>>> print(open('coords.tsv').read())   # TSV, C-alpha atoms and all ligand atoms
chain	number	residue	atom	x	y	z
A	770	MET	CA	-6.81	103.23	99.67
A	771	ARG	CA	-3.68	101.17	99.14
A	772	MET	CA	-1.64	104.36	98.73
A	773	ARG	CA	-2.99	105.84	101.96
A	774	LYS	CA	-2.17	102.74	103.93
A	775	LYS	CA	1.39	102.75	102.58
A	776	LYS	CA	1.85	106.43	103.30
A	777	HIS	CA	0.75	105.86	106.87
A	778	ALA	CA	3.31	103.04	107.24
A	779	ASP	CA	6.05	105.31	105.89
A	780	GLU	CA	5.27	107.92	108.52
A	781	ARG	CA	5.31	105.31	111.28
A	782	ILE	CA	8.63	103.94	110.02
A	783	GLU	CA	10.11	107.42	109.89
A	784	ALA	CA	9.14	107.93	113.54
A	785	CYS	CA	11.42	104.97	114.37
A	786	SER	CA	14.34	106.07	112.20
A	787	ASP	CA	16.73	106.02	115.20
A	788	ILE	CA	16.55	102.20	115.30
A	789	LEU	CA	16.49	101.73	111.54
A	790	PHE	CA	19.53	101.35	109.31
A	791	LYS	CA	18.80	102.60	105.83
A	792	PRO	CA	20.87	100.86	103.15
A	793	GLY	CA	22.62	103.18	100.70
A	794	GLU	CA	21.92	103.05	96.98
A	795	ASP	CA	24.38	100.20	96.56
A	796	GLY	CA	22.60	98.26	99.34
A	797	SER	CA	25.34	98.69	101.95
A	798	LEU	CA	24.70	99.67	105.56
A	799	PRO	CA	26.14	102.76	107.22
A	800	ASP	CA	29.57	102.41	108.78
A	801	ASP	CA	28.25	102.29	112.36
A	802	PRO	CA	29.94	101.03	115.56
A	803	PHE	CA	26.78	99.01	116.26
A	804	LEU	CA	27.83	96.64	113.45
A	805	ALA	CA	31.39	96.33	114.75
A	806	HIS	CA	30.26	94.77	118.05
A	807	ASP	CA	31.98	91.46	118.64
A	808	LYS	CA	28.64	89.72	119.25
A	809	LEU	CA	26.51	90.55	116.24
A	810	HIS	CA	23.52	88.30	115.47
A	811	MET	CA	21.01	88.67	112.65
A	812	GLU	CA	17.47	87.50	111.87
A	813	ILE	CA	16.31	87.32	108.28
A	814	GLY	CA	12.55	87.78	107.84
A	815	CYS	CA	11.77	89.13	111.32
A	816	GLY	CA	8.08	89.71	110.52
A	817	LYS	CA	6.32	91.56	113.35
A	818	GLY	CA	9.38	91.15	115.55
A	819	SER	CA	8.25	89.33	118.68
A	820	PHE	CA	11.13	86.80	118.44
A	821	ILE	CA	13.85	89.40	117.93
A	822	CYS	CA	12.47	91.70	120.67
A	823	GLU	CA	12.28	88.87	123.23
A	824	THR	CA	15.69	87.52	122.20
A	825	ALA	CA	17.33	90.95	122.41
A	826	LYS	CA	15.88	91.59	125.88
A	827	ALA	CA	17.18	88.22	127.09
A	828	ASN	CA	20.68	88.89	125.66
A	829	PRO	CA	21.61	92.52	126.30
A	830	ASP	CA	25.29	91.76	125.52
A	831	VAL	CA	24.47	90.92	121.88
A	832	ASN	CA	23.70	93.40	119.09
A	833	TYR	CA	20.97	92.28	116.69
A	834	ILE	CA	20.18	93.17	113.10
A	835	ALA	CA	16.61	92.34	112.09
A	836	VAL	CA	15.97	92.22	108.35
A	837	GLU	CA	12.54	92.22	106.76
A	838	LYS	CA	11.69	93.01	103.16
A	839	ILE	CA	8.07	94.06	103.71
A	840	SER	CA	7.75	97.50	105.28
A	841	ASN	CA	4.08	97.10	106.26
A	842	VAL	CA	5.13	94.11	108.40
A	843	ILE	CA	8.29	95.49	109.99
A	844	VAL	CA	6.46	98.57	111.25
A	845	SER	CA	5.00	96.54	114.14
A	846	ALA	CA	8.48	95.30	115.04
A	847	LEU	CA	9.93	98.82	115.00
A	848	GLU	CA	7.15	100.22	117.16
A	849	ARG	CA	7.43	97.42	119.66
A	850	ALA	CA	11.21	97.77	120.02
A	851	LYS	CA	10.82	101.51	120.49
A	852	ALA	CA	7.94	101.23	122.98
A	853	GLU	CA	9.92	98.71	125.03
A	854	ASN	CA	13.10	100.78	124.82
A	855	ILE	CA	15.15	97.94	123.37
A	856	THR	CA	18.48	99.44	122.38
A	857	ASN	CA	20.35	96.42	120.99
A	858	ILE	CA	18.39	95.91	117.75
A	859	ARG	CA	18.70	97.77	114.46
A	860	PHE	CA	16.13	97.03	111.79
A	861	VAL	CA	16.77	96.95	108.06
A	862	ILE	CA	14.10	97.00	105.37
A	863	SER	CA	15.77	95.09	102.57
A	864	ASP	CA	15.89	91.89	100.65
A	865	ALA	CA	18.33	89.73	102.58
A	866	ALA	CA	20.04	88.61	99.39
A	867	LYS	CA	20.97	92.18	98.59
A	868	LEU	CA	22.01	93.02	102.13
A	869	CYS	CA	24.15	89.92	102.72
A	870	GLU	CA	26.23	90.76	99.66
A	871	LYS	CA	27.21	94.03	101.31
A	872	LEU	CA	27.79	92.98	104.92
A	873	LYS	CA	31.35	92.76	106.14
A	874	GLU	CA	32.75	89.27	105.83
A	875	HIS	CA	32.92	87.13	108.98
A	876	SER	CA	31.12	89.74	111.06
A	877	VAL	CA	27.99	87.82	112.09
A	878	GLY	CA	28.09	85.26	114.90
A	879	ARG	CA	24.62	83.84	114.50
A	880	LEU	CA	21.91	83.93	111.90
A	881	TYR	CA	18.27	83.15	112.67
A	882	LEU	CA	15.88	81.92	109.99
A	883	ASN	CA	12.40	81.53	111.46
A	884	PHE	CA	9.54	80.18	109.38
A	885	SER	CA	11.08	81.27	106.09
A	886	ASP	CA	8.83	81.19	103.05
A	887	PRO	CA	8.78	77.55	101.83
A	888	TRP	CA	8.58	78.20	98.06
A	889	PRO	CA	7.14	74.68	97.60
A	890	LYS	CA	7.34	74.52	93.80
A	891	LYS	CA	10.51	72.86	92.59
A	892	GLY	CA	11.21	75.60	90.09
A	893	TYR	CA	11.44	78.12	92.94
A	894	ALA	CA	13.86	76.13	95.13
A	895	LYS	CA	16.59	78.74	94.61
A	896	ARG	CA	14.45	81.30	96.43
A	897	ARG	CA	14.37	79.28	99.65
A	898	LEU	CA	16.52	81.02	102.26
A	899	THR	CA	18.21	77.68	103.01
A	900	HIS	CA	19.08	76.94	99.37
A	901	ARG	CA	22.82	76.33	98.97
A	902	GLY	CA	23.13	79.62	97.04
A	903	PHE	CA	22.03	81.47	100.20
A	904	LEU	CA	24.13	79.21	102.46
A	905	GLN	CA	27.23	80.16	100.44
A	906	MET	CA	26.39	83.80	100.97
A	907	TYR	CA	25.86	83.26	104.72
A	908	LYS	CA	29.23	81.48	104.93
A	909	ARG	CA	30.94	84.65	103.75
A	910	ILE	CA	29.37	86.83	106.45
A	911	LEU	CA	29.41	84.30	109.30
A	912	LYS	CA	32.29	84.16	111.74
A	913	GLU	CA	34.39	80.99	111.72
A	914	ASP	CA	32.56	79.69	114.77
A	915	GLY	CA	29.25	81.07	113.52
A	916	ALA	CA	25.95	79.23	113.29
A	917	ILE	CA	22.55	79.32	111.65
A	918	PHE	CA	19.50	78.57	113.82
A	919	PHE	CA	16.55	77.47	111.70
A	920	LYS	CA	12.92	76.74	112.63
A	921	THR	CA	10.01	75.83	110.39
A	922	ASP	CA	6.65	74.10	110.52
A	923	ASN	CA	7.23	72.94	106.94
A	924	ARG	CA	8.65	69.42	106.90
A	925	PRO	CA	9.50	69.29	103.17
A	926	LEU	CA	11.41	72.58	103.53
A	927	PHE	CA	13.16	71.23	106.62
A	928	ASP	CA	14.20	68.00	104.88
A	929	PHE	CA	15.40	69.96	101.85
A	930	SER	CA	17.38	72.23	104.19
A	931	LEU	CA	19.08	69.29	105.95
A	932	GLU	CA	20.51	68.28	102.57
A	933	GLU	CA	21.55	71.80	101.66
A	934	PHE	CA	23.34	72.38	104.99
A	935	ALA	CA	25.17	69.05	104.65
A	936	ALA	CA	26.15	69.82	101.05
A	937	GLU	CA	27.73	73.10	102.21
A	938	GLY	CA	29.69	71.38	104.98
A	939	PHE	CA	27.70	72.61	107.98
A	940	LYS	CA	27.65	70.38	111.09
A	941	LEU	CA	24.10	69.95	112.32
A	942	GLU	CA	23.24	69.89	116.01
A	943	LYS	CA	20.12	69.89	118.19
A	944	VAL	CA	18.01	68.68	115.27
A	945	THR	CA	14.39	67.91	116.14
A	946	ASN	CA	11.14	67.40	114.28
A	947	ASP	CA	9.12	68.35	117.36
A	948	LEU	CA	10.77	71.26	119.13
A	949	HIS	CA	8.05	71.80	121.71
A	950	ALA	CA	8.19	68.18	122.85
A	951	SER	CA	12.02	68.20	122.93
A	952	GLU	CA	14.62	69.07	125.57
A	953	TYR	CA	15.29	72.33	123.64
A	954	ALA	CA	11.79	73.68	124.37
A	955	LYS	CA	12.79	75.29	127.65
A	956	ASP	CA	15.10	77.86	126.03
A	957	ASN	CA	12.86	78.41	123.04
A	958	ILE	CA	11.53	81.87	122.22
A	959	MET	CA	8.43	81.63	120.04
A	960	THR	CA	7.79	83.60	116.88
A	961	GLU	CA	4.37	84.78	115.68
A	962	TYR	CA	4.13	82.03	113.06
A	963	GLU	CA	5.26	79.46	115.60
A	964	ARG	CA	2.46	80.43	117.99
A	965	ASN	CA	-0.10	80.07	115.21
A	966	PHE	CA	1.18	76.77	113.89
A	967	SER	CA	1.62	75.16	117.27
A	968	SER	CA	-1.84	76.27	118.40
A	969	MET	CA	-3.08	74.24	115.41
A	970	GLY	CA	-1.12	71.21	116.68
A	971	ILE	CA	1.53	71.38	113.95
A	972	PRO	CA	4.98	70.22	115.17
A	973	ILE	CA	7.93	72.58	114.76
A	974	ASN	CA	11.20	71.46	113.15
A	975	ARG	CA	14.40	73.02	114.40
A	976	LEU	CA	18.17	72.78	113.88
A	977	GLU	CA	21.47	74.51	114.58
A	978	ALA	CA	24.03	74.48	111.74
A	979	TYR	CA	27.68	75.19	112.59
A	980	LEU	CA	30.50	76.03	110.25
A	981	GLN	CA	32.76	73.93	112.40
A	982	ASN	CA	32.22	71.54	115.27
A	983	SER	CA	30.90	73.70	118.10
A	984	GLU	CA	32.83	71.55	120.61
A	985	LYS	CA	35.94	73.38	119.39
A	986	ASN	CA	34.54	76.66	120.65
A	987	LYS	CA	33.62	75.61	124.13
B	1	LIG	N1	9.91	85.14	111.31
B	1	LIG	C1	8.51	85.52	111.42
B	1	LIG	C2	7.84	85.69	110.05
B	1	LIG	C3	7.85	84.44	109.20
B	1	LIG	S1	7.15	84.69	107.56
B	1	LIG	C4	7.78	84.49	112.27
B	1	LIG	O1	8.30	83.39	112.43
B	1	LIG	O2	6.69	84.78	112.77
B	1	LIG	C5	8.64	84.98	106.63
B	1	LIG	C6	9.03	86.45	106.64
B	1	LIG	O3	10.26	86.56	105.94
B	1	LIG	C7	8.03	87.35	105.89
B	1	LIG	O4	7.72	88.46	106.71
B	1	LIG	C8	8.79	87.76	104.64
B	1	LIG	O5	8.45	89.05	104.19
B	1	LIG	C9	10.24	87.69	105.11
B	1	LIG	N2	11.20	87.41	104.03
B	1	LIG	C10	11.15	86.41	103.14
B	1	LIG	N3	12.19	86.46	102.29
B	1	LIG	C11	12.95	87.52	102.67
B	1	LIG	C12	14.14	88.08	102.18
B	1	LIG	N4	14.78	87.57	101.10
B	1	LIG	N5	14.65	89.16	102.80
B	1	LIG	C13	14.00	89.70	103.88
B	1	LIG	N6	12.85	89.21	104.38
B	1	LIG	C14	12.32	88.13	103.80
>>> encode(input="coords.tsv", output="structure tokens", more="lines below")
Ligand code: SAH
Amino acid sequence: MRMRKKKHADERIEACSDILFKPGEDGSLPDDPFLAHDKLHMEIGCGKGSFICETAKANPDVNYIAVEKISNVIVSALERAKAENITNIRFVISDAAKLCEKLKEHSVGRLYLNFSDPWPKKGYAKRRLTHRGFLQMYKRILKEDGAIFFKTDNRPLFDFSLEEFAAEGFKLEKVTNDLHASEYAKDNIMTEYERNFSSMGIPINRLEAYLQNSEKNK
């Protein structure tokens, strides 16, 4: 049963291969002009893709890479992008840790982390996508004026992340513990997890982390 389900997903993924970048054996992406665009943004853990699809439609001048490690999940994202004819997203099925190692340095202008797995046990802190080990990796691929936009329902993960960002020298802006009640709500594009959590009345934490003071870039 499990096998059949997987096989079906593989066929559906294959049908969307024109919007999928397949990493080579060493984990690197093809040398494609899409990645050389001067506005290249990336989401790690795109899930079923509603955030990245909405964001890409609202920003046709930006090219997006959407990374997700679970193929049975990303299939919905691929099919949606294809059905809606969204041409400025390429999807990658990969572990972000592996992919980030291979991306060109200082090529990504913005990185989105939405509702990343919290890994609540202390012993697993290094697996959190906002652990300083990951932040160091993101610093290599982010442009000088690049930023990380992070949202989570999980307050302990958020508080942990505030410390990690500060330790790596990021400047934090637009920090809120209740995004939907804040002034930033009007530009917010919801994710699937966000819809679920907020329908349960759980407040959403949100921040922007800049490598340098964003005032310098205005
Ligand atoms: N962003 C979506 C899904 C959140 S759940 C939303 O907000 O609705 C977190 C997602 O991140 C899961 O789909 C999980 O498979 C993916 N993920 C976690 N760690 C990852 C990693 N290292 N590389 C790629 N995807 C990852």
>>> closest_residue(input="coords.tsv", among="A:Ala936, A:Leu882, A:Ala825, A:Ala778", to="ligand LIG 1 (chain B)", atoms="all atoms listed in the file")
A:Leu882
>>> atom_distance(input="coords.tsv", atom1="CA of Lys867 in chain A", atom2="CA of Arg909 in chain A")
13.5 Å
>>> atom_distance(input="coords.tsv", atom1="CA of Gly816 in chain A", atom2="CA of Ala935 in chain A")
27.4 Å
>>> axis_aligned_box(input="coords.tsv", around="ligand LIG 1 (chain B)", padding_each_side="3 Å", output="AutoDock Vina command-line options")
--center_x 10.7 --center_y 86.5 --center_z 106.9 --size_x 14.1 --size_y 12.3 --size_z 17.7
>>> atom_distance(input="coords.tsv", atom1="CA of Ala916 in chain A", atom2="CA of Arg849 in chain A")
26.7 Å
>>> residues_near_ligand(input="coords.tsv", ligand="ligand LIG 1 (chain B)", cutoff="6 Å", atoms="only C-alpha atoms and all ligand atoms", output="PyMOL selection string")
chain A and resi 813-816+836-839+863-866+883-886+960-963
>>> residues_around(input="coords.tsv", residues="Leu904 in chain A", least_positions_apart="2", cutoff="10 Å", atoms="all atoms listed in the file", output="ChimeraX atom specification")
/A:898-902,906-909,917,930,933-934,936-939
>>> write_last_selection(input="coords.tsv", atoms="C-alpha atoms", output="compact mmCIF listing (two decimals), in the frame of the given file")
# COMPACT_ATOMS: atom_id res chain seq x y z
CA LEU A 898 16.52 81.02 102.26
CA THR A 899 18.21 77.68 103.01
CA HIS A 900 19.08 76.94 99.37
CA ARG A 901 22.82 76.33 98.97
CA GLY A 902 23.13 79.62 97.04
CA MET A 906 26.39 83.80 100.97
CA TYR A 907 25.86 83.26 104.72
CA LYS A 908 29.23 81.48 104.93
CA ARG A 909 30.94 84.65 103.75
CA ILE A 917 22.55 79.32 111.65
CA SER A 930 17.38 72.23 104.19
CA GLU A 933 21.55 71.80 101.66
CA PHE A 934 23.34 72.38 104.99
CA ALA A 936 26.15 69.82 101.05
CA GLU A 937 27.73 73.10 102.21
CA GLY A 938 29.69 71.38 104.98
CA PHE A 939 27.70 72.61 107.98
>>> closest_residue(input="coords.tsv", among="A:Ile862, A:Leu798, A:Cys822, A:Cys785", to="Asn841 in chain A", atoms="only C-alpha atoms")
A:Ile862
>>> residues_around(input="coords.tsv", residues="Pro887 in chain A", least_positions_apart="2", cutoff="9 Å", atoms="all atoms listed in the file", output="MDAnalysis selection string")
chainID A and resid 884:885 889:890 894 896:898 921 923 925:926
>>> residues_near_point(input="coords.tsv", point="(2.8, 74.7, 120.7)", cutoff="12 Å", atoms="only C-alpha atoms", output="number ranges by chain")
A: 922, 947-951, 954, 957-974
>>> write_last_selection(input="coords.tsv", atoms="C-alpha atoms", output="tab-separated table (two decimals), keeping the file's coordinate frame")
chain	number	residue	atom	x	y	z
A	922	ASP	CA	6.65	74.10	110.52
A	947	ASP	CA	9.12	68.35	117.36
A	948	LEU	CA	10.77	71.26	119.13
A	949	HIS	CA	8.05	71.80	121.71
A	950	ALA	CA	8.19	68.18	122.85
A	951	SER	CA	12.02	68.20	122.93
A	954	ALA	CA	11.79	73.68	124.37
A	957	ASN	CA	12.86	78.41	123.04
A	958	ILE	CA	11.53	81.87	122.22
A	959	MET	CA	8.43	81.63	120.04
A	960	THR	CA	7.79	83.60	116.88
A	961	GLU	CA	4.37	84.78	115.68
A	962	TYR	CA	4.13	82.03	113.06
A	963	GLU	CA	5.26	79.46	115.60
A	964	ARG	CA	2.46	80.43	117.99
A	965	ASN	CA	-0.10	80.07	115.21
A	966	PHE	CA	1.18	76.77	113.89
A	967	SER	CA	1.62	75.16	117.27
A	968	SER	CA	-1.84	76.27	118.40
A	969	MET	CA	-3.08	74.24	115.41
A	970	GLY	CA	-1.12	71.21	116.68
A	971	ILE	CA	1.53	71.38	113.95
A	972	PRO	CA	4.98	70.22	115.17
A	973	ILE	CA	7.93	72.58	114.76
A	974	ASN	CA	11.20	71.46	113.15
>>> decode(input="coords.tsv", residues="range 859-882 of chain A", atoms="N, CA and C atoms", output="tab-separated table (two decimals), in the first residue's frame")
chain	number	residue	atom	x	y	z
A	859	ARG	N	10.75	27.60	-8.79
A	859	ARG	CA	11.29	26.26	-9.07
A	859	ARG	C	11.34	25.52	-7.74
A	860	PHE	N	10.88	24.30	-7.76
A	860	PHE	CA	10.82	23.49	-6.55
A	860	PHE	C	12.02	22.55	-6.49
A	861	VAL	N	12.45	22.28	-5.26
A	861	VAL	CA	13.58	21.36	-5.06
A	861	VAL	C	13.21	20.39	-3.94
A	862	ILE	N	13.29	19.10	-4.23
A	862	ILE	CA	13.07	18.10	-3.18
A	862	ILE	C	14.44	17.76	-2.61
A	863	SER	N	14.69	18.27	-1.41
A	863	SER	CA	16.02	18.09	-0.83
A	863	SER	C	15.99	18.47	0.63
A	864	ASP	N	16.96	17.99	1.36
A	864	ASP	CA	17.18	18.51	2.69
A	864	ASP	C	17.90	19.84	2.53
A	865	ALA	N	17.35	20.86	3.17
A	865	ALA	CA	17.90	22.21	3.00
A	865	ALA	C	19.37	22.28	3.39
A	866	ALA	N	19.76	21.50	4.38
A	866	ALA	CA	21.15	21.54	4.84
A	866	ALA	C	22.08	21.15	3.69
A	867	LYS	N	21.66	20.14	2.96
A	867	LYS	CA	22.48	19.65	1.85
A	867	LYS	C	22.50	20.67	0.71
A	868	LEU	N	21.33	21.22	0.44
A	868	LEU	CA	21.20	22.15	-0.68
A	868	LEU	C	21.98	23.45	-0.42
A	869	CYS	N	21.83	23.98	0.78
A	869	CYS	CA	22.46	25.27	1.10
A	869	CYS	C	23.98	25.21	0.93
A	870	GLU	N	24.54	24.05	1.23
A	870	GLU	CA	25.99	23.88	1.08
A	870	GLU	C	26.43	24.11	-0.36
A	871	LYS	N	25.51	23.80	-1.29
A	871	LYS	CA	25.88	23.82	-2.71
A	871	LYS	C	25.44	25.08	-3.44
A	872	LEU	N	24.61	25.90	-2.81
A	872	LEU	CA	24.14	27.10	-3.52
A	872	LEU	C	25.28	28.12	-3.61
A	873	LYS	N	25.20	28.93	-4.66
A	873	LYS	CA	26.24	29.92	-4.89
A	873	LYS	C	26.24	30.93	-3.74
A	874	GLU	N	27.41	31.33	-3.32
A	874	GLU	CA	27.44	32.25	-2.18
A	874	GLU	C	26.88	33.63	-2.56
A	875	HIS	N	26.23	34.24	-1.59
A	875	HIS	CA	25.62	35.57	-1.75
A	875	HIS	C	24.72	35.69	-2.98
A	876	SER	N	23.91	34.65	-3.19
A	876	SER	CA	23.00	34.67	-4.34
A	876	SER	C	21.54	34.86	-3.94
A	877	VAL	N	21.23	34.69	-2.66
A	877	VAL	CA	19.82	34.71	-2.23
A	877	VAL	C	19.53	36.01	-1.46
A	878	GLY	N	18.48	36.69	-1.90
A	878	GLY	CA	18.14	37.98	-1.27
A	878	GLY	C	17.27	37.83	-0.03
A	879	ARG	N	16.47	36.80	-0.02
A	879	ARG	CA	15.57	36.61	1.12
A	879	ARG	C	15.28	35.13	1.32
A	880	LEU	N	15.25	34.76	2.59
A	880	LEU	CA	14.98	33.38	2.95
A	880	LEU	C	13.75	33.34	3.85
A	881	TYR	N	12.78	32.52	3.50
A	881	TYR	CA	11.58	32.38	4.33
A	881	TYR	C	11.61	31.05	5.09
A	882	LEU	N	11.40	31.14	6.39
A	882	LEU	CA	11.24	29.94	7.23
A	882	LEU	C	9.87	30.05	7.86
